Amino acid sequence: MRFSSRTDWDVAETRLARVLRERRAAGLPILDLTASNPTQCGFAYDEAGILAALGDRVALTYDPEPRGMLRAREAVCRYYAARGADVGAEQIFLTTSTSEAYSWVFRLLCDAGDGVLIAQPSYPLFDFLAQIEDVRLVPYPLVYDHGWQIDFDDLRERITARAESRIRAIALVHPNNPTGHFTKAEERRELERICAEFGLALIVDEVFLDYSVPGNEARSFAAGEHSTLTFVLSGISKIAALPQMKAAWIAGFGPAGLRPEGELKVALERLEIVADTFLSMNAPVQCALPTWLAGCAGIQEQIRARTQANLRSLDHALLRVPAVMRLEVEAGWYAVLRVPALGSDEDLAVRLVEERAVSVHPGYFFGFGGDGWLVVSLLTAEEDFRKGVGEICGMFEARE
């Protein structure tokens with residue numbers, strides 16, 4: 001049997017995955033500082049309200065709408081209105097996940113072999129999404145100097161280095177995962193200038209937008225004027241902490257005053273055909289979406305309280321270990337640690353499992369260059385997080 005080369009992945013178990021599996025199989029305890037599933041982190045959900053929203057009798061009638069039910073899209077518009085953005089229902093396309101949203105946008109913008117610029121470090125899922133769609137990911141670097149920043153000289157060079165580069169879009173996560181930094185207003189303006197200059201689209205993933213650290217709030221890319229074709233992606237996996245309900249969306253924007261035959265109109269028309277081809281969003285979830293979005297404040301407050309408490313705990317623990325630095329965090333569910341490079345990041349993560357019973361992400365998982373990077377989740381229950389951080393500090397204290 002001959003299989004597609006796009007699925008020819010290396011699926012061999014990593015050494016870190018193996019030692020974690022063996023430890024759990026042996027029934028040994030592990031302090032998991034990689035938690036990313038909010039439904040398994042001890043938060044209190046409005047169970048009755050969430051489940052009752054799925055019982056709408058409207059869902060018994062099949063009435064396919066490529067962009068999604070109007071009332072569900074209007075609920076998304078209200079979400080953006082509360083964040084200072086004027087979005088029309090006709091600009092919204094419902095998808096089952098942000099992964100599917102990326103897939104649709106890649107299909108809209110790219111032919112096989114075309115490139116999309118993606119910030120590095122970033123979430124590793126993008127590699128699989130792009131390869132499945134026969135799209136090349138071209139990384140552009142984020143640099144850290146009293147906060148994370150885009151290296152625009154490098155970004156431009158990656159667009160212009162070769163005429164055959166066939167770059168079609170710039171993608172970014174706002175706030176970034178895992179660095180937890182927002183794209184600043186001046187960076188947005190420069191990104192839009194570059195996109196307009198080279199005829200590129202802008203793809204912005206905002207799933208962590210609502211989880212800012214106090215004093216670091218930022219505007220959605222859905223707000224304000226748009227000087228280039230822009231697609232903003234989000235969904236309730238993070239907004240309502242309901243990843244299992246599979247509801248997300250694409251919001252499309254373009255420059256004001258476009259002619260009727262302009263690129264935004266064409267983009268939305270073509271995207272509708274993509275959506276109509278799959279009709280993937282199921283009716284009960286669409287009916288429930290307005291209720292879930294309207295009721296997300298409670299779970300968001302719990303998550304923000306947890307992540308901020310864990311940040312305080314982390315900073316307190318690191319006071320006694322000067323060799324370990326916590327990088328600035330503006331939003332999201334993760335913290336990045338700069339640590340002494342005592343071998344490869346995977347070696348260090350394995351040793352933390354074997355010697356300290358702590359699970360962390362090695363930096364290479366997110367595309368950090370070089371060694372000396374660890375990433376920890378701020379969703380972990382506070383007592384487990386405190387103990388896990390204490391073990392990390394203990395490892396480096398023992399070597400000072």
# chains A, B, ... in the order shown; residues from 1 in each chain; ligands from 1
$ closest_atom_pairs --of "stretch 60-116 of chain A" --to "stretch 145-163 of chain A" --cutoff "12 Å" --atoms "only C-alpha atoms" --output "tab-separated table"
residue	atom	partner	partner_atom	distance
A:Asp114	CA	A:Ile159	CA	11.9
A:Gly115	CA	A:Ile159	CA	9.5
A:Val116	CA	A:Ile159	CA	9.8
$ write_last_selection --atoms "all heavy atoms" --output "mmCIF file, in the first residue's frame"
data_model
loop_
_atom_site.group_PDB
_atom_site.id
_atom_site.type_symbol
_atom_site.label_atom_id
_atom_site.label_comp_id
_atom_site.auth_asym_id
_atom_site.auth_seq_id
_atom_site.Cartn_x
_atom_site.Cartn_y
_atom_site.Cartn_z
ATOM 1 N N ASP A 114 2.863 26.506 -1.512
ATOM 2 C CA ASP A 114 2.939 27.907 -1.087
ATOM 3 C C ASP A 114 3.338 27.981 0.383
ATOM 4 O O ASP A 114 3.165 27.031 1.154
ATOM 5 C CB ASP A 114 1.596 28.605 -1.288
ATOM 6 C CG ASP A 114 1.321 28.929 -2.753
ATOM 7 O OD1 ASP A 114 2.251 28.823 -3.560
ATOM 8 O OD2 ASP A 114 0.168 29.271 -3.083
ATOM 9 N N GLY A 115 3.857 29.153 0.794
ATOM 10 C CA GLY A 115 4.368 29.310 2.141
ATOM 11 C C GLY A 115 3.538 30.244 3.008
ATOM 12 O O GLY A 115 2.924 31.191 2.516
ATOM 13 N N VAL A 116 3.534 29.950 4.305
ATOM 14 C CA VAL A 116 2.929 30.819 5.310
ATOM 15 C C VAL A 116 3.985 31.089 6.369
ATOM 16 O O VAL A 116 4.597 30.151 6.904
ATOM 17 C CB VAL A 116 1.686 30.170 5.955
ATOM 18 C CG1 VAL A 116 1.184 31.006 7.132
ATOM 19 C CG2 VAL A 116 0.574 29.981 4.922
#
$ closest_atom_pairs --of "stretch 268-328 of chain A" --to "stretch 383-396 of chain A" --cutoff "8 Å" --atoms "only C-alpha atoms" --output "Markdown table"
| residue | atom | partner | partner_atom | distance |
| --- | --- | --- | --- | --- |
| A:Asn310 | CA | A:Phe385 | CA | 6.8 |
| A:Ser313 | CA | A:Arg386 | CA | 6.3 |
| A:Leu314 | CA | A:Val389 | CA | 6.5 |
| A:Ala317 | CA | A:Gly390 | CA | 6.6 |
| A:Leu318 | CA | A:Cys393 | CA | 6.9 |
| A:Val321 | CA | A:Cys393 | CA | 6.4 |
| A:Ala323 | CA | A:Phe396 | CA | 7.4 |
| A:Val324 | CA | A:Phe396 | CA | 7.8 |
$ atom_distance --atom1 "atom CA of A:Pro362" --atom2 "atom CA of A:Asp345"
5.1 Å
$ closest_residue --among "A:Arg338, A:Arg166, A:Arg67, A:Arg21" --to "A:Ser280" --atoms "only C-alpha atoms"
A:Arg67
$ select_by_dssp --residues "stretch 153-321 of chain A" --states "helix (DSSP H, G or I)" --output "VMD selection string"
chain A and resid 153 to 160 163 to 165 185 to 198 236 to 239 243 to 245 263 to 278 283 to 294 297 to 318
$ residues_around --residues "A:Ala240" --least-positions-apart "2" --cutoff "12 Å" --atoms "only C-alpha atoms" --output "ChimeraX atom specification"
/A:38-39,43,45-46,50,79,207-211,234-238,242-248,289-303
$ closest_residue --among "A:Val360, A:Val375, A:Thr98, A:Glu90" --to "A:Leu20" --atoms "only C-alpha atoms"
A:Val360
$ select_by_dssp --residues "stretch 65-273 of chain A" --states "strand (DSSP E or B)" --output "PyMOL selection string"
chain A and resi 92-95+115-120+136-144+148-150+167-173+201-205+212+230-235+248-253
$ closest_atom_pairs --of "stretch 201-259 of chain A" --to "stretch 170-194 of chain A" --cutoff "6 Å" --atoms "only C-alpha atoms" --output "CSV"
residue,atom,partner,partner_atom,distance
A:Leu202,CA,A:Ile170,CA,5.1
A:Ile203,CA,A:Ala171,CA,4.5
A:Val204,CA,A:Leu172,CA,5.2
A:Asp205,CA,A:Val173,CA,4.5
A:Glu206,CA,A:His174,CA,5.0
A:Thr228,CA,A:Glu192,CA,6.0
$ write_last_selection --atoms "N, CA, C and O atoms" --output "CSV table (one decimal), in the first residue's frame"
chain,number,residue,atom,x,y,z
A,202,LEU,N,-3.2,38.3,6.5
A,202,LEU,CA,-2.8,38.2,7.9
A,202,LEU,C,-3.7,37.2,8.6
A,202,LEU,O,-5.0,37.4,8.5
A,203,ILE,N,-3.2,36.2,9.3
A,203,ILE,CA,-4.0,35.2,10.0
A,203,ILE,C,-3.6,35.4,11.5
A,203,ILE,O,-2.5,35.2,11.9
A,204,VAL,N,-4.6,35.6,12.3
A,204,VAL,CA,-4.4,35.9,13.7
A,204,VAL,C,-5.2,35.0,14.6
A,204,VAL,O,-6.5,35.0,14.5
A,205,ASP,N,-4.6,34.2,15.4
A,205,ASP,CA,-5.2,33.3,16.3
A,205,ASP,C,-5.3,34.0,17.7
A,205,ASP,O,-4.3,34.3,18.3
A,206,GLU,N,-6.5,34.1,18.2
A,206,GLU,CA,-6.7,34.9,19.4
A,206,GLU,C,-7.4,34.0,20.5
A,206,GLU,O,-8.1,34.6,21.4
A,228,THR,N,-5.3,45.4,5.4
A,228,THR,CA,-5.0,44.3,4.6
A,228,THR,C,-6.0,43.2,4.9
A,228,THR,O,-6.7,43.2,5.9
$ residues_around --residues "A:Thr230" --least-positions-apart "3" --cutoff "12 Å" --atoms "only C-alpha atoms" --output "ChimeraX atom specification"
/A:91,105,109,169-172,188,191-192,195-196,199-205,220-227,233,250-255,263-264,267-268
$ residues_around --residues "A:Gln131" --least-positions-apart "2" --cutoff "10 Å" --atoms "only C-alpha atoms" --output "ChimeraX atom specification"
/A:5-9,112-113,126-129,133-137
$ residues_around --residues "A:Pro64" --least-positions-apart "6" --cutoff "9 Å" --atoms "only C-alpha atoms" --output "PyMOL selection string"
chain A and resi 276+279+283
$ write_last_selection --atoms "N, CA, C and O atoms" --output "compact mmCIF listing (two decimals), in the first residue's frame"
# COMPACT_ATOMS: atom_id res chain seq x y z
N ASP A 276 -19.33 25.31 2.74
CA ASP A 276 -20.46 24.55 2.21
C ASP A 276 -20.06 23.14 1.82
O ASP A 276 -20.86 22.21 1.87
N LEU A 279 -19.71 21.56 5.69
CA LEU A 279 -20.85 21.68 6.61
C LEU A 279 -20.59 20.90 7.90
O LEU A 279 -21.35 20.05 8.32
N ALA A 283 -25.64 20.96 14.65
CA ALA A 283 -26.71 21.86 15.06
C ALA A 283 -26.81 22.05 16.57
O ALA A 283 -27.00 23.18 17.03
$ closest_residue --among "A:Val76, A:Ala119, A:Val87, A:Val285" --to "A:Gly55" --atoms "only C-alpha atoms"
A:Val285
$ decode --residues "stretch 290-326 of chain A" --atoms "N, CA and C atoms" --output "PDB file, in the first residue's frame"
ATOM      1  N   PRO A 290     -24.644  30.542  21.787  1.00  0.00           N
ATOM      2  CA  PRO A 290     -24.960  31.811  22.445  1.00  0.00           C
ATOM      3  C   PRO A 290     -24.974  31.703  23.970  1.00  0.00           C
ATOM      4  N   THR A 291     -25.504  30.617  24.498  1.00  0.00           N
ATOM      5  CA  THR A 291     -25.546  30.420  25.955  1.00  0.00           C
ATOM      6  C   THR A 291     -24.151  30.255  26.516  1.00  0.00           C
ATOM      7  N   TRP A 292     -23.335  29.468  25.857  1.00  0.00           N
ATOM      8  CA  TRP A 292     -21.981  29.231  26.370  1.00  0.00           C
ATOM      9  C   TRP A 292     -21.134  30.498  26.342  1.00  0.00           C
ATOM     10  N   LEU A 293     -21.255  31.282  25.276  1.00  0.00           N
ATOM     11  CA  LEU A 293     -20.495  32.529  25.220  1.00  0.00           C
ATOM     12  C   LEU A 293     -20.985  33.521  26.268  1.00  0.00           C
ATOM     13  N   ALA A 294     -22.293  33.583  26.457  1.00  0.00           N
ATOM     14  CA  ALA A 294     -22.844  34.524  27.447  1.00  0.00           C
ATOM     15  C   ALA A 294     -22.446  34.148  28.862  1.00  0.00           C
ATOM     16  N   GLY A 295     -22.168  32.872  29.105  1.00  0.00           N
ATOM     17  CA  GLY A 295     -21.874  32.429  30.465  1.00  0.00           C
ATOM     18  C   GLY A 295     -20.425  32.133  30.740  1.00  0.00           C
ATOM     19  N   CYS A 296     -19.509  32.650  29.913  1.00  0.00           N
ATOM     20  CA  CYS A 296     -18.100  32.265  30.051  1.00  0.00           C
ATOM     21  C   CYS A 296     -17.361  33.042  31.140  1.00  0.00           C
ATOM     22  N   ALA A 297     -17.949  34.101  31.665  1.00  0.00           N
ATOM     23  CA  ALA A 297     -17.217  34.949  32.625  1.00  0.00           C
ATOM     24  C   ALA A 297     -16.790  34.170  33.865  1.00  0.00           C
ATOM     25  N   GLY A 298     -17.674  33.292  34.365  1.00  0.00           N
ATOM     26  CA  GLY A 298     -17.365  32.572  35.603  1.00  0.00           C
ATOM     27  C   GLY A 298     -16.148  31.682  35.486  1.00  0.00           C
ATOM     28  N   ILE A 299     -16.073  30.896  34.419  1.00  0.00           N
ATOM     29  CA  ILE A 299     -14.926  29.997  34.261  1.00  0.00           C
ATOM     30  C   ILE A 299     -13.665  30.790  33.952  1.00  0.00           C
ATOM     31  N   GLN A 300     -13.796  31.879  33.215  1.00  0.00           N
ATOM     32  CA  GLN A 300     -12.623  32.703  32.937  1.00  0.00           C
ATOM     33  C   GLN A 300     -12.048  33.298  34.223  1.00  0.00           C
ATOM     34  N   GLU A 301     -12.917  33.722  35.126  1.00  0.00           N
ATOM     35  CA  GLU A 301     -12.439  34.278  36.408  1.00  0.00           C
ATOM     36  C   GLU A 301     -11.671  33.229  37.194  1.00  0.00           C
ATOM     37  N   GLN A 302     -12.163  31.993  37.195  1.00  0.00           N
ATOM     38  CA  GLN A 302     -11.463  30.925  37.910  1.00  0.00           C
ATOM     39  C   GLN A 302     -10.094  30.660  37.303  1.00  0.00           C
ATOM     40  N   ILE A 303     -10.028  30.620  35.985  1.00  0.00           N
ATOM     41  CA  ILE A 303      -8.750  30.333  35.320  1.00  0.00           C
ATOM     42  C   ILE A 303      -7.761  31.471  35.537  1.00  0.00           C
ATOM     43  N   ARG A 304      -8.237  32.715  35.424  1.00  0.00           N
ATOM     44  CA  ARG A 304      -7.327  33.836  35.668  1.00  0.00           C
ATOM     45  C   ARG A 304      -6.819  33.827  37.102  1.00  0.00           C
ATOM     46  N   ALA A 305      -7.684  33.510  38.052  1.00  0.00           N
ATOM     47  CA  ALA A 305      -7.252  33.443  39.448  1.00  0.00           C
ATOM     48  C   ALA A 305      -6.186  32.364  39.633  1.00  0.00           C
ATOM     49  N   ARG A 306      -6.385  31.217  38.991  1.00  0.00           N
ATOM     50  CA  ARG A 306      -5.422  30.114  39.097  1.00  0.00           C
ATOM     51  C   ARG A 306      -4.085  30.494  38.465  1.00  0.00           C
ATOM     52  N   THR A 307      -4.113  31.013  37.257  1.00  0.00           N
ATOM     53  CA  THR A 307      -2.862  31.319  36.560  1.00  0.00           C
ATOM     54  C   THR A 307      -2.086  32.426  37.278  1.00  0.00           C
ATOM     55  N   GLN A 308      -2.799  33.416  37.814  1.00  0.00           N
ATOM     56  CA  GLN A 308      -2.110  34.503  38.509  1.00  0.00           C
ATOM     57  C   GLN A 308      -1.537  34.035  39.839  1.00  0.00           C
ATOM     58  N   ALA A 309      -2.273  33.155  40.546  1.00  0.00           N
ATOM     59  CA  ALA A 309      -1.745  32.603  41.794  1.00  0.00           C
ATOM     60  C   ALA A 309      -0.495  31.773  41.519  1.00  0.00           C
ATOM     61  N   ASN A 310      -0.510  30.997  40.447  1.00  0.00           N
ATOM     62  CA  ASN A 310       0.657  30.181  40.127  1.00  0.00           C
ATOM     63  C   ASN A 310       1.842  31.026  39.676  1.00  0.00           C
ATOM     64  N   LEU A 311       1.579  32.124  38.989  1.00  0.00           N
ATOM     65  CA  LEU A 311       2.672  33.032  38.642  1.00  0.00           C
ATOM     66  C   LEU A 311       3.323  33.600  39.900  1.00  0.00           C
ATOM     67  N   ARG A 312       2.488  34.002  40.863  1.00  0.00           N
ATOM     68  CA  ARG A 312       3.047  34.530  42.129  1.00  0.00           C
ATOM     69  C   ARG A 312       3.865  33.464  42.841  1.00  0.00           C
ATOM     70  N   SER A 313       3.346  32.241  42.853  1.00  0.00           N
ATOM     71  CA  SER A 313       4.062  31.139  43.503  1.00  0.00           C
ATOM     72  C   SER A 313       5.389  30.869  42.808  1.00  0.00           C
ATOM     73  N   LEU A 314       5.381  30.917  41.491  1.00  0.00           N
ATOM     74  CA  LEU A 314       6.603  30.694  40.718  1.00  0.00           C
ATOM     75  C   LEU A 314       7.631  31.773  41.019  1.00  0.00           C
ATOM     76  N   ASP A 315       7.211  33.016  41.004  1.00  0.00           N
ATOM     77  CA  ASP A 315       8.144  34.120  41.248  1.00  0.00           C
ATOM     78  C   ASP A 315       8.727  34.048  42.660  1.00  0.00           C
ATOM     79  N   HIS A 316       7.900  33.671  43.624  1.00  0.00           N
ATOM     80  CA  HIS A 316       8.393  33.551  45.000  1.00  0.00           C
ATOM     81  C   HIS A 316       9.445  32.446  45.098  1.00  0.00           C
ATOM     82  N   ALA A 317       9.177  31.316  44.442  1.00  0.00           N
ATOM     83  CA  ALA A 317      10.128  30.202  44.508  1.00  0.00           C
ATOM     84  C   ALA A 317      11.446  30.554  43.837  1.00  0.00           C
ATOM     85  N   LEU A 318      11.382  31.314  42.743  1.00  0.00           N
ATOM     86  CA  LEU A 318      12.603  31.620  41.989  1.00  0.00           C
ATOM     87  C   LEU A 318      13.490  32.645  42.678  1.00  0.00           C
ATOM     88  N   LEU A 319      12.990  33.296  43.708  1.00  0.00           N
ATOM     89  CA  LEU A 319      13.820  34.251  44.443  1.00  0.00           C
ATOM     90  C   LEU A 319      15.069  33.591  45.014  1.00  0.00           C
ATOM     91  N   ARG A 320      14.965  32.304  45.310  1.00  0.00           N
ATOM     92  CA  ARG A 320      16.116  31.617  45.915  1.00  0.00           C
ATOM     93  C   ARG A 320      17.000  30.918  44.883  1.00  0.00           C
ATOM     94  N   VAL A 321      16.638  31.048  43.595  1.00  0.00           N
ATOM     95  CA  VAL A 321      17.420  30.373  42.550  1.00  0.00           C
ATOM     96  C   VAL A 321      17.741  31.381  41.447  1.00  0.00           C
ATOM     97  N   PRO A 322      18.765  32.214  41.633  1.00  0.00           N
ATOM     98  CA  PRO A 322      19.093  33.244  40.634  1.00  0.00           C
ATOM     99  C   PRO A 322      19.396  32.685  39.251  1.00  0.00           C
ATOM    100  N   ALA A 323      19.797  31.410  39.175  1.00  0.00           N
ATOM    101  CA  ALA A 323      20.167  30.833  37.891  1.00  0.00           C
ATOM    102  C   ALA A 323      18.965  30.586  36.984  1.00  0.00           C
ATOM    103  N   VAL A 324      17.754  30.616  37.536  1.00  0.00           N
ATOM    104  CA  VAL A 324      16.544  30.361  36.756  1.00  0.00           C
ATOM    105  C   VAL A 324      15.756  31.663  36.634  1.00  0.00           C
ATOM    106  N   MET A 325      15.391  32.028  35.415  1.00  0.00           N
ATOM    107  CA  MET A 325      14.654  33.266  35.174  1.00  0.00           C
ATOM    108  C   MET A 325      13.303  32.960  34.538  1.00  0.00           C
ATOM    109  N   ARG A 326      12.267  33.581  35.070  1.00  0.00           N
ATOM    110  CA  ARG A 326      10.945  33.483  34.449  1.00  0.00           C
ATOM    111  C   ARG A 326      10.778  34.646  33.499  1.00  0.00           C
TER     112      ARG A 326
END
